[in-house]
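Structure below is upload22.cif: mmCIF, C-alpha atoms.
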data_start
loop_
_atom_site.label_atom_id
_atom_site.label_comp_id
_atom_site.auth_asym_id
_atom_site.auth_seq_id
_atom_site.Cartn_x
_atom_site.Cartn_y
_atom_site.Cartn_z
CA MET A 69 -15.02 94.68 74.78
CA GLU A 70 -13.16 92.55 72.32
CA ASP A 71 -15.23 94.00 69.49
CA ARG A 72 -14.40 97.45 70.64
CA ALA A 73 -10.66 96.72 70.65
CA LYS A 74 -10.97 95.21 67.21
CA PHE A 75 -12.77 98.24 65.90
CA VAL A 76 -10.19 100.59 67.35
CA ARG A 77 -7.47 98.66 65.55
CA PHE A 78 -9.53 98.58 62.38
CA GLU A 79 -10.09 102.31 62.62
CA ARG A 80 -6.39 102.92 63.08
CA GLU A 81 -5.02 100.56 60.43
CA ILE A 82 -7.65 100.30 57.72
CA LEU A 83 -9.76 103.45 57.72
CA PRO A 84 -6.79 105.70 56.83
CA HIS A 85 -6.95 104.02 53.43
CA LEU A 86 -10.52 105.07 52.74
CA ASP A 87 -9.36 107.60 50.15
CA ALA A 88 -7.56 104.84 48.26
CA ALA A 89 -10.64 102.65 48.57
CA HIS A 90 -12.90 105.36 47.22
CA ASN A 91 -10.54 106.32 44.42
CA LEU A 92 -10.42 102.74 43.14
CA ALA A 93 -14.16 102.20 43.55
CA ARG A 94 -14.90 105.46 41.76
CA TRP A 95 -12.71 104.51 38.81
CA LEU A 96 -14.13 101.01 38.57
CA THR A 97 -17.81 101.87 38.98
CA GLY A 98 -17.63 105.17 37.11
CA ASN A 99 -20.00 107.11 39.35
CA ASP A 100 -20.19 108.59 42.83
CA ALA A 101 -23.27 106.80 44.12
CA ASP A 102 -22.06 103.30 43.28
CA ALA A 103 -18.56 104.08 44.52
CA ALA A 104 -19.93 105.14 47.90
CA ASP A 105 -22.09 102.03 48.21
CA VAL A 106 -19.20 99.79 47.22
CA VAL A 107 -16.85 101.41 49.70
CA GLN A 108 -19.36 101.02 52.48
CA GLU A 109 -20.01 97.38 51.66
CA ALA A 110 -16.30 96.68 51.27
CA SER A 111 -15.58 98.32 54.63
CA VAL A 112 -18.13 96.18 56.39
CA ARG A 113 -16.63 93.13 54.71
CA ALA A 114 -13.13 94.23 55.60
CA LEU A 115 -14.12 94.51 59.25
CA SER A 116 -15.59 91.04 59.23
CA PHE A 117 -12.40 89.61 57.71
CA PHE A 118 -10.14 91.76 59.81
CA ASP A 119 -9.19 88.84 62.04
CA GLY A 120 -7.56 87.31 58.99
CA PHE A 121 -5.43 90.40 58.41
CA ARG A 122 -1.98 89.60 59.69
CA GLY A 123 -0.52 93.07 59.44
CA GLY A 124 1.58 94.20 56.52
CA ASP A 125 0.23 96.14 53.61
CA ALA A 126 -3.12 97.38 54.89
CA ARG A 127 -3.83 99.47 51.81
CA ALA A 128 -3.38 96.59 49.38
CA TRP A 129 -5.38 94.34 51.69
CA LEU A 130 -8.31 96.77 51.72
CA LEU A 131 -8.04 97.49 48.00
CA GLN A 132 -8.30 93.81 47.21
CA ILE A 133 -11.60 93.65 49.08
CA VAL A 134 -12.79 96.86 47.40
CA ARG A 135 -11.91 95.47 44.00
CA ASN A 136 -13.75 92.21 44.57
CA THR A 137 -16.74 94.03 45.99
CA CYS A 138 -16.75 96.31 42.96
CA TYR A 139 -16.90 93.47 40.48
CA THR A 140 -19.56 91.63 42.44
CA TRP A 141 -21.48 94.90 42.58
CA LEU A 142 -21.12 95.58 38.89
CA ARG A 143 -22.22 92.08 37.95
CA ARG A 144 -25.16 92.31 40.32
CA ASN A 145 -26.23 95.63 38.89
CA ARG A 146 -25.36 94.91 35.31
CA ASP A 147 -28.35 96.73 33.84
CA ALA A 148 -27.77 99.82 35.89
CA SER A 149 -24.08 99.84 35.07
CA THR A 150 -24.69 100.37 31.37
CA ALA A 151 -25.33 103.98 32.35
CA VAL A 152 -21.97 104.07 34.06
CA LEU A 153 -19.83 104.79 31.06
CA ASP A 154 -21.79 107.85 30.25
CA GLU A 155 -21.38 109.25 33.71
CA ALA A 156 -17.75 108.26 33.81
CA VAL A 157 -17.17 110.34 30.75
CA HIS A 158 -19.06 113.36 31.98
CA GLY A 159 -18.27 113.30 35.67
CA SER A 160 -14.86 114.39 36.88
CA PRO A 161 -13.00 114.67 40.16
CA GLY A 162 -13.07 117.99 41.88
CA SER A 163 -14.43 120.90 39.93
CA GLY A 164 -13.38 123.09 37.08
CA ALA A 165 -11.79 120.42 34.93
CA GLY A 166 -9.72 121.90 32.14
CA PRO A 167 -9.92 120.47 28.65
CA GLU A 168 -6.67 118.50 28.88
CA ARG A 169 -7.54 117.10 32.23
CA LEU A 170 -10.92 116.06 30.95
CA MET A 171 -9.34 114.32 28.00
CA VAL A 172 -7.00 112.28 30.17
CA GLN A 173 -9.84 111.44 32.49
CA GLN A 174 -12.09 110.30 29.66
CA ALA A 175 -9.33 108.28 28.06
CA ILE A 176 -8.69 106.38 31.30
CA ALA A 177 -12.41 105.90 31.94
CA ALA A 178 -12.77 104.37 28.49
CA LEU A 179 -10.13 101.67 29.12
CA PRO A 180 -11.41 98.12 29.57
CA GLU A 181 -11.74 97.14 33.24
CA GLU A 182 -8.56 95.17 33.82
CA PHE A 183 -6.37 97.76 32.08
CA ARG A 184 -8.06 100.66 33.84
CA GLU A 185 -7.63 98.92 37.16
CA ALA A 186 -3.89 98.35 36.63
CA LEU A 187 -3.29 101.86 35.35
CA VAL A 188 -5.26 103.59 38.11
CA LEU A 189 -3.49 101.57 40.80
CA ARG A 190 -0.10 102.36 39.32
CA GLU A 191 -0.38 105.94 38.11
CA ILE A 192 -3.03 107.42 40.35
CA GLU A 193 -2.71 105.34 43.50
CA GLY A 194 1.05 104.81 43.14
CA LEU A 195 1.10 101.11 43.96
CA SER A 196 4.09 98.90 43.12
CA TYR A 197 3.78 96.00 40.66
CA LYS A 198 3.78 93.61 43.58
CA GLU A 199 0.97 95.45 45.33
CA ILE A 200 -1.10 95.61 42.16
CA ALA A 201 -0.56 91.88 41.64
CA HIS A 202 -1.84 91.32 45.18
CA VAL A 203 -4.90 93.53 44.70
CA ALA A 204 -5.85 92.10 41.31
CA GLY A 205 -4.93 88.52 42.21
CA VAL A 206 -2.73 88.02 39.14
CA PRO A 207 1.00 87.38 38.62
CA ILE A 208 3.37 90.34 38.33
CA GLY A 209 3.98 89.49 34.67
CA THR A 210 0.29 89.99 33.99
CA VAL A 211 0.37 93.33 35.77
CA MET A 212 3.25 94.42 33.54
CA SER A 213 1.57 93.39 30.33
CA ARG A 214 -1.72 95.00 31.36
CA LEU A 215 0.08 98.22 32.19
CA ALA A 216 1.86 98.16 28.86
CA ARG A 217 -1.42 97.64 27.02
CA ALA A 218 -3.15 100.33 29.05
CA ARG A 219 -0.43 102.85 28.29
CA LYS A 220 -0.45 101.99 24.65
CA MET A 221 -4.20 102.51 24.44
CA LEU A 222 -3.96 105.74 26.39
CA ARG A 223 -1.25 107.10 24.18
CA ALA A 224 -3.27 106.24 21.12
CA SER A 225 -6.33 108.05 22.38
CA LEU A 226 -4.39 111.05 23.67
CA SER A 227 -1.97 111.47 20.80
CA PRO A 228 -0.61 113.70 19.58
CA GLU A 229 -0.97 115.63 22.86
CA ALA A 230 0.71 112.97 24.97
CA ALA A 231 3.55 112.62 22.54
CA SER A 232 4.55 116.25 22.73
CA MET H 280 22.68 95.79 26.53
CA THR H 281 20.91 95.67 23.16
CA CYS H 282 17.98 97.80 22.10
CA ASP H 283 15.54 94.88 22.19
CA GLU H 284 16.63 93.89 25.66
CA THR H 285 16.28 97.46 26.85
CA ARG H 286 12.84 97.98 25.32
CA GLU H 287 11.48 95.19 27.48
CA LEU H 288 12.68 96.97 30.59
CA LEU H 289 11.76 100.56 29.84
CA ALA H 290 8.35 100.57 31.50
CA ALA H 291 9.75 98.94 34.64
CA PHE H 292 12.61 101.44 34.51
CA VAL H 293 10.21 104.39 34.43
CA ASP H 294 8.12 102.76 37.16
CA GLY H 295 11.16 102.42 39.39
CA GLU H 296 10.77 98.66 39.50
CA LEU H 297 14.21 97.65 38.24
CA ASP H 298 17.02 96.52 40.48
CA LEU H 299 20.05 98.76 40.63
CA ARG H 300 22.16 96.80 38.18
CA SER H 301 19.53 96.67 35.44
CA SER H 302 18.70 100.28 36.08
CA VAL H 303 22.30 101.34 35.57
CA ALA H 304 22.50 99.25 32.40
CA VAL H 305 19.35 100.84 31.01
CA GLU H 306 20.64 104.31 31.79
CA ALA H 307 23.89 103.56 30.01
CA HIS H 308 21.96 102.40 26.96
CA LEU H 309 19.73 105.48 26.99
CA GLY H 310 22.78 107.67 26.70
CA THR H 311 23.64 106.05 23.38
CA CYS H 312 20.23 105.28 21.87
CA ALA H 313 17.90 108.05 20.76
CA ALA H 314 15.00 105.70 20.01
CA CYS H 315 14.94 104.22 23.52
CA ALA H 316 15.43 107.65 25.06
CA ALA H 317 12.42 108.89 23.06
CA GLU H 318 10.38 105.96 24.38
CA VAL H 319 11.29 106.87 27.94
CA ALA H 320 10.30 110.48 27.23
CA GLN H 321 6.93 109.24 25.97
CA LEU H 322 6.37 107.15 29.08
CA THR H 323 7.31 109.95 31.44
CA GLY H 324 5.23 112.38 29.39
CA LEU H 325 2.19 110.17 29.80
CA ARG H 326 2.88 109.87 33.50
CA ARG H 327 3.11 113.62 33.83
CA ALA H 328 -0.10 114.15 31.88
CA ILE H 329 -1.91 111.81 34.26
CA ALA H 330 -0.36 113.42 37.33
CA ASP H 331 -1.13 116.93 36.07
CA ALA H 332 -4.74 116.00 35.52
CA ARG H 333 -5.09 115.37 39.29
CA LEU H 334 -7.47 112.49 38.87
CA TYR H 335 -7.65 111.29 42.44
CA TYR H 336 -11.09 110.84 43.96
CA PRO H 337 -10.70 111.10 47.75
CA ALA H 338 -13.49 109.77 49.96
CA PRO H 339 -16.06 112.51 50.56
CA ALA H 340 -16.75 113.41 54.21
CA PRO H 341 -20.31 112.02 54.26
CA LEU H 342 -18.98 108.66 53.09
CA ARG H 343 -16.39 108.64 55.88
CA ARG H 344 -19.19 109.14 58.36
CA ARG H 345 -21.26 106.43 56.71
CA VAL H 346 -18.42 103.94 56.84
CA ARG H 347 -17.63 104.74 60.45
CA GLN H 348 -21.25 104.28 61.34
CA ALA H 349 -21.59 101.08 59.35
CA THR H 350 -18.51 99.48 60.86
CA ARG H 351 -18.86 100.66 64.44
CA GLY H 352 -20.26 98.08 66.82
CA SER H 353 -23.57 96.83 65.57
CA TRP H 354 -24.14 96.68 61.86
CA ARG H 355 -27.86 96.81 61.96
CA PRO H 356 -28.74 100.50 62.33
CA ALA H 357 -26.33 101.67 59.66
CA TRP H 358 -27.39 99.03 57.20
CA LEU H 359 -31.04 99.81 57.74
CA LEU H 360 -30.44 103.48 57.34
CA PHE H 361 -28.98 103.08 53.90
CA ALA H 362 -30.89 100.12 52.58
CA PRO H 363 -32.42 101.43 49.37
CA ALA H 364 -35.30 99.00 49.02
CA ALA H 365 -37.45 96.65 50.99
CA ALA H 366 -35.95 93.73 49.11
CA VAL H 367 -32.57 94.65 50.41
CA LEU H 368 -33.92 94.71 53.94
CA ALA H 369 -34.57 91.02 53.70
CA VAL H 370 -30.89 90.43 52.95
CA VAL H 371 -29.86 92.85 55.63
CA PHE H 372 -31.54 90.82 58.31
CA LEU H 373 -29.74 87.78 57.05
CA LEU H 374 -26.49 89.68 57.15
CA VAL H 375 -26.87 90.65 60.76
CA PRO H 376 -24.43 88.38 62.53
CA ARG H 377 -25.95 85.91 64.94
CA PRO H 378 -24.11 84.61 67.93
CA GLY H 379 -22.37 81.36 67.13
CA ALA H 380 -22.63 81.74 63.38
CA SER H 381 -19.27 81.92 61.64
CA ARG H 382 -18.48 84.72 59.22
CA VAL H 383 -18.07 82.38 56.30
CA GLU H 384 -21.44 80.92 57.09
CA GLN H 385 -22.99 84.38 57.06
CA GLU H 386 -21.33 85.14 53.75
CA VAL H 387 -22.47 81.88 52.22
CA LEU H 388 -26.01 82.57 53.26
CA SER H 389 -26.06 86.16 52.05
CA GLU H 390 -24.43 85.28 48.72
CA HIS H 391 -27.06 82.58 48.26
CA VAL H 392 -29.89 85.02 48.87
CA ARG H 393 -28.27 87.67 46.70
CA SER H 394 -27.85 85.23 43.87
CA LEU H 395 -31.57 84.54 43.96
CA MET H 396 -32.65 88.14 44.20
CA SER H 397 -30.42 89.93 41.81
CA ASN H 398 -31.07 87.99 38.64
CA HIS H 399 -27.49 87.00 38.78
CA LEU H 400 -27.72 83.34 39.54
CA LEU H 401 -25.66 82.11 36.62
CA ASP H 402 -22.64 83.31 34.70
CA VAL H 403 -22.58 80.13 32.69
CA PRO H 404 -26.00 78.56 32.28
CA SER H 405 -25.46 74.94 31.31
CA SER H 406 -26.48 71.49 32.46
CA ASP H 407 -23.31 70.06 30.97
CA MET H 408 -20.47 69.66 33.45
CA HIS H 409 -18.05 69.69 30.52
CA THR H 410 -19.18 73.23 29.75
CA VAL H 411 -19.36 74.49 33.30
CA ARG H 412 -15.96 73.32 34.49
CA PRO H 413 -13.84 74.80 31.67
CA TRP H 414 -15.75 78.06 31.98
CA PHE H 415 -13.89 78.71 35.23
CA ASP H 416 -10.51 78.41 33.50
CA GLY H 417 -8.64 81.65 33.78
CA LYS H 418 -11.25 83.11 36.13
CA LEU H 419 -10.06 81.16 39.14
CA ASP H 420 -6.66 79.87 40.17
CA PHE H 421 -8.11 76.41 40.60
CA SER H 422 -10.30 74.06 38.62
CA PRO H 423 -13.46 73.16 40.54
CA PRO H 424 -14.75 69.59 40.33
CA VAL H 425 -18.23 69.57 38.79
CA LYS H 426 -20.55 66.61 39.15
CA ASP H 427 -23.60 65.67 37.11
CA LEU H 428 -26.38 64.53 39.44
CA GLN H 429 -29.23 64.72 36.95
CA ALA H 430 -30.03 61.02 37.27
CA GLN H 431 -30.35 61.40 41.04
CA GLY H 432 -32.82 64.26 40.68
CA PHE H 433 -30.50 67.20 41.17
CA ALA H 434 -30.13 69.04 37.89
CA LEU H 435 -27.02 71.09 37.30
CA THR H 436 -28.12 74.47 35.94
CA GLY H 437 -24.77 76.20 35.69
CA GLY H 438 -22.03 78.06 37.50
CA ARG H 439 -21.08 81.47 38.67
CA LEU H 440 -18.03 83.31 39.85
CA ASP H 441 -18.60 84.58 43.36
CA TYR H 442 -16.62 86.14 46.17
CA LEU H 443 -16.50 84.86 49.69
CA GLY H 444 -14.34 86.72 52.06
CA ASP H 445 -11.65 88.27 50.05
CA ARG H 446 -11.24 85.49 47.55
CA PRO H 447 -12.97 84.42 44.35
CA VAL H 448 -14.76 81.09 44.64
CA ALA H 449 -16.68 78.79 42.33
CA ALA H 450 -20.44 78.67 42.81
CA LEU H 451 -22.20 75.69 41.25
CA VAL H 452 -25.93 75.87 40.94
CA TYR H 453 -28.21 72.85 41.10
CA GLN H 454 -31.93 72.62 41.10
CA ARG H 455 -34.31 70.27 42.89
CA ARG H 456 -37.84 70.88 41.65
CA ARG H 457 -38.20 74.66 42.13
CA HIS H 458 -35.50 74.87 44.78
CA VAL H 459 -32.09 76.28 44.00
CA ILE H 460 -29.01 74.79 45.64
CA ASN H 461 -25.86 76.88 45.63
CA VAL H 462 -22.60 75.01 46.18
CA PHE H 463 -19.60 77.20 46.98
CA LEU H 464 -16.15 75.68 46.80
CA TRP H 465 -12.52 76.64 46.91
CA PRO H 466 -9.21 74.92 47.67
CA ALA H 467 -8.39 74.14 51.29
CA SER H 468 -5.60 72.18 52.93
CA HIS H 469 -8.01 70.72 55.50
CA ALA H 470 -8.33 66.92 55.68
CA ASP H 471 -11.60 65.36 54.50
CA ALA H 472 -14.29 66.02 57.08
CA ILE H 473 -17.93 66.83 57.47
CA ALA H 474 -18.29 70.07 59.38
CA GLU H 475 -21.33 72.15 60.22
CA SER H 476 -24.89 71.39 59.46
CA GLU H 477 -27.01 74.44 60.16
CA GLU H 478 -30.43 75.85 59.69
CA GLN H 479 -30.87 79.59 59.56
CA ARG H 480 -33.99 81.52 58.71
CA GLY H 481 -35.42 78.73 56.65
CA TYR H 482 -32.23 77.92 54.79
CA HIS H 483 -30.17 74.79 55.29
CA LEU H 484 -26.41 74.98 55.19
CA ARG H 485 -23.96 72.12 54.90
CA HIS H 486 -20.21 72.41 55.17
CA TRP H 487 -17.56 69.83 54.41
CA TYR H 488 -14.04 69.26 53.15
CA ARG H 489 -13.28 66.83 50.40
CA SER H 490 -10.20 66.14 48.29
CA ARG H 491 -8.50 69.42 49.15
CA PHE H 492 -11.58 71.54 48.64
CA GLU H 493 -13.80 73.30 51.11
CA TYR H 494 -17.51 73.07 50.26
CA TRP H 495 -20.60 74.89 51.40
CA ALA H 496 -24.03 73.97 50.16
CA VAL H 497 -27.03 76.15 50.88
CA SER H 498 -30.67 75.86 49.90
CA ASP H 499 -34.25 76.12 51.04
CA VAL H 500 -34.84 72.53 49.95
CA ASN H 501 -35.67 70.34 52.94
CA GLY H 502 -32.83 69.17 55.14
CA SER H 503 -32.91 65.48 54.29
CA GLU H 504 -32.87 66.16 50.56
CA LEU H 505 -29.94 68.50 50.98
CA ASP H 506 -28.17 65.80 53.00
CA GLU H 507 -28.72 63.35 50.20
CA PHE H 508 -27.44 65.87 47.68
CA CYS H 509 -24.28 66.46 49.70
CA ARG H 510 -23.71 62.76 50.13
CA LEU H 511 -23.95 62.28 46.34
CA LEU H 512 -21.59 65.16 45.78
CA ARG H 513 -19.05 63.67 48.16
CA GLU H 514 -19.18 60.18 46.65
#
Turn this file's structure into structure tokens for me.
Amino acid sequence: MEDRAKFVRFEREILPHLDAAHNLARWLTGNDADAADVVQEASVRALSFFDGFRGGDARAWLLQIVRNTCYTWLRRNRDASTAVLDEAVHGSPGSGAGPERLMVQQAIAALPEEFREALVLREIEGLSYKEIAHVAGVPIGTVMSRLARARKMLRASLSPEAAS
Amino acid sequence: MTCDETRELLAAFVDGELDLRSSVAVEAHLGTCAACAAEVAQLTGLRRAIADARLYYPAPAPLRRRVRQATRGSWRPAWLLFAPAAAVLAVVFLLVPRPGASRVEQEVLSEHVRSLMSNHLLDVPSSDMHTVRPWFDGKLDFSPPVKDLQAQGFALTGGRLDYLGDRPVAALVYQRRRHVINVFLWPASHADAIAESEEQRGYHLRHWYRSRFEYWAVSDVNGSELDEFCRLLRE
């Protein structure tokens, strides 16, 4: 009974953030299959640590677990993940990607992990500095400098289009 | 507000992260400085380009079903359904929670098995504690104590960054003959104590607190040797 009540709460508070979980996992792993596996593993982990969740920012709490699961996953499957970049460049969300959209997508996919993570959480997921700091486990100052670097790199790879 | 001072704040300004006073000051400066205004235009242009590209990947419906299935009640059926290989099945059975076994204990055990199976035992292969310990600098928010027990028959083979629960932990890897011992540790406020001593599916687990760290050791080495190892580590 207690498990059932716990799951109901989990379903209500955490599962609404599955889109956010998948979006982050997809950007970090670079392909659909790995993203799905990571999200599933992270969800199971999240449920098992749910007792430790004291309310508050459920999305950031889940994203932190997703992030950690992603990196463990990527390290575990290091050989397989060399193929990731390729897919990240060619795959795209939704269908019918226009040329500009594809360029932005490729430019973000090509960012080094920690910069991509910060940028995706800020610009695509819309997290605050504080939330990103929580998810990535770094101070806010680090978040700011990573974002600045990420934007600089993006601008460089998108220019002159982004400058117009 | 000078240009240099403003430059520092422009990204936070565009991100809506400035307090009201700074925000007003930046706006006032932007009215008088074309260079800073151009920088803001660049930042907002980049933001718009990203937003226009609609780069969000929502969770596909089959994944939602998978997650619901995997998290509802028993783990076992869902895990088995999606386990890609027989090797993974072995881990899956270890992951199935047993009554009385704590979650951390389950995690410790499964991370141990994973580390052996995935060819990812070591991030820093070294028998030198002066190499292993500094390797963790900047990867963890603590500096794990590393002990050389070579003379006592437990050879340090290296370290690894691992995750237990939702936090990064240090994993130190020792070897006794052909047996691998994983030691997981992270800071804890708990007073020094010796906690569980468990045997699960052929693996021995030891759990203790020492000098503001929580430790778990896990191995398939026999129980008395693991006890000796833990005693040496605690000394």
Residue by residue, what does the PyMOL selection byres ((chain A and resi 121) around 12) grab here? Present the result as a VMD selection string. (chain A and resid 74 77 to 78 81 to 82 114 to 120 122 to 130 133) or (chain H and resid 444 to 445)
For the residues selected in the previous step, produce a file with C-alpha atoms as a compact mmCIF listing (two decimals), in the frame of the given file.
# COMPACT_ATOMS: atom_id res chain seq x y z
CA LYS A 74 -10.97 95.21 67.21
CA ARG A 77 -7.47 98.66 65.55
CA PHE A 78 -9.53 98.58 62.38
CA GLU A 81 -5.02 100.56 60.43
CA ILE A 82 -7.65 100.30 57.72
CA ALA A 114 -13.13 94.23 55.60
CA LEU A 115 -14.12 94.51 59.25
CA SER A 116 -15.59 91.04 59.23
CA PHE A 117 -12.40 89.61 57.71
CA PHE A 118 -10.14 91.76 59.81
CA ASP A 119 -9.19 88.84 62.04
CA GLY A 120 -7.56 87.31 58.99
CA ARG A 122 -1.98 89.60 59.69
CA GLY A 123 -0.52 93.07 59.44
CA GLY A 124 1.58 94.20 56.52
CA ASP A 125 0.23 96.14 53.61
CA ALA A 126 -3.12 97.38 54.89
CA ARG A 127 -3.83 99.47 51.81
CA ALA A 128 -3.38 96.59 49.38
CA TRP A 129 -5.38 94.34 51.69
CA LEU A 130 -8.31 96.77 51.72
CA ILE A 133 -11.60 93.65 49.08
CA GLY H 444 -14.34 86.72 52.06
CA ASP H 445 -11.65 88.27 50.05
Step by step, gather every atom of stretch 467-485 of chain H that the file lists, find the box along x, y and z that holds them, add 8 Å on each side, and finally give centre and edge lengths in Å to one decimal, as lines of an AutoDock Vina configuration file.
center_x = -20.5
center_y = 73.4
center_z = 55.8
size_x = 45.8
size_y = 32.2
size_z = 24.9
Just the residues within 12 Å of H:Ala434, please, counting all atoms listed in the file, with nothing from its chain fewer than 2 positions along; format it as a list in words.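 The contact residues come out as Pro404, Ser405, Ser406, Asp407, Met408, Val425, Lys426, Asp427, Leu428, Gln429, Ala430, Gln431, Gly432, Thr436, Gly437, Leu451, Val452, Tyr453, Gln454, Arg455, Arg456, Arg457, His458, Val459, Ile460, Asn461 and Phe508 of chain H.
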Hey, can you check how far atom CA of A:Val134 sits from atom CA of H:Pro447? 12.8 Å
Given the file above and the PyMOL selection byres ((chain A and resi 199-213) around 12), which residues are selected, and can you give them as a ChimeraX atom specification? /A:89,92,124-139,181-191,193-198,214-220 /H:287-292,294,296,417-420,445-447
How many Å separate atom CA of H:Cys312 from atom CA of A:Ser225?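 Atom CA of H:Cys312 sits 26.7 Å away from atom CA of A:Ser225.
Evaluated on this file, the PyMOL selection byres ((chain H and resi 506) around 12) matches H:Ile460, H:Ile473, H:Glu475, H:Ser476, H:Glu477, H:His483, H:Leu484, H:Arg485, H:His486, H:Trp487, H:Trp495, H:Ala496, H:Val497, H:Ser498, H:Val500, H:Asn501, H:Gly502, H:Ser503, H:Glu504, H:Leu505, H:Glu507, H:Phe508, H:Cys509, H:Arg510, H:Leu511, H:Leu512, H:Arg513.
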So how many Å separate atom CA of H:Leu297 and atom CA of H:Asp283, to one decimal? 16.3 Å
Counting all atoms listed in the file, which residues have an atom no more than 8 Å from (-5.4, 108.2, 26.1) in the file's coordinates? Please list them as a PyMOL selection string. chain A and resi 171-172+174-176+219+221-227+230
Rank nothing, just name the residue among H:Leu309, H:Met280, H:Val387, H:Ala317 nearest to chain A, using all atoms listed in the file.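 That would be H:Ala317, the residue with the smallest distance to chain A.
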Of the candidates A:Val112, A:Leu142, A:Ala103, A:Leu179, which one gets nearest to chain H if we count all atoms listed in the file?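 Going through A:Val112, A:Leu142, A:Ala103, A:Leu179 one by one, the smallest distance to chain H is for A:Val112.
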Which residue out of H:Ala330, H:Ala340, H:Cys315, H:Ala450 has the minimum interatomic distance to chain A when only C-alpha atoms are used?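 Among the listed residues, the smallest separation from chain A belongs to H:Ala330.
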Using only C-alpha atoms, find all polymer residues with an atom at most 10 Å away from the point (-14.2, 106.9, 49.1); report them as an MDAnalysis selection string. (chainID A and resid 85:94 100 103:108) or (chainID H and resid 336:343 346)
Where atoms are lacking, stretch 119-134 of chain A completed to N, CA and C atoms, as a CSV table (one decimal), in the coordinates of the input:
chain,number,residue,atom,x,y,z
A,119,ASP,N,-9.9,89.8,61.3
A,119,ASP,CA,-9.2,88.8,62.0
A,119,ASP,C,-8.2,88.1,61.2
A,120,GLY,N,-8.5,88.0,59.9
A,120,GLY,CA,-7.6,87.3,59.0
A,120,GLY,C,-6.4,88.2,58.5
A,121,PHE,N,-6.5,89.5,58.8
A,121,PHE,CA,-5.4,90.4,58.4
A,121,PHE,C,-4.3,90.3,59.4
A,122,ARG,N,-3.1,89.9,58.8
A,122,ARG,CA,-2.0,89.6,59.7
A,122,ARG,C,-1.0,90.7,59.6
A,123,GLY,N,-1.5,91.9,59.5
A,123,GLY,CA,-0.5,93.1,59.4
A,123,GLY,C,0.1,93.1,58.0
A,124,GLY,N,1.0,94.1,57.8
A,124,GLY,CA,1.6,94.2,56.5
A,124,GLY,C,0.9,95.3,55.8
A,125,ASP,N,0.7,95.1,54.5
A,125,ASP,CA,0.2,96.1,53.6
A,125,ASP,C,-1.3,96.3,53.7
A,126,ALA,N,-1.7,97.2,54.6
A,126,ALA,CA,-3.1,97.4,54.9
A,126,ALA,C,-3.9,98.0,53.7
A,127,ARG,N,-3.2,98.8,53.0
A,127,ARG,CA,-3.8,99.5,51.8
A,127,ARG,C,-4.1,98.4,50.7
A,128,ALA,N,-3.2,97.6,50.4
A,128,ALA,CA,-3.4,96.6,49.4
A,128,ALA,C,-4.4,95.6,49.8
A,129,TRP,N,-4.4,95.3,51.1
A,129,TRP,CA,-5.4,94.3,51.7
A,129,TRP,C,-6.8,94.9,51.5
A,130,LEU,N,-7.0,96.2,51.9
A,130,LEU,CA,-8.3,96.8,51.7
A,130,LEU,C,-8.7,96.9,50.2
A,131,LEU,N,-7.7,97.3,49.4
A,131,LEU,CA,-8.0,97.5,48.0
A,131,LEU,C,-8.5,96.2,47.3
A,132,GLN,N,-7.9,95.1,47.8
A,132,GLN,CA,-8.3,93.8,47.2
A,132,GLN,C,-9.8,93.5,47.5
A,133,ILE,N,-10.2,93.8,48.7
A,133,ILE,CA,-11.6,93.6,49.1
A,133,ILE,C,-12.5,94.6,48.3
A,134,VAL,N,-12.0,95.9,48.2
A,134,VAL,CA,-12.8,96.9,47.4
A,134,VAL,C,-13.0,96.4,46.0
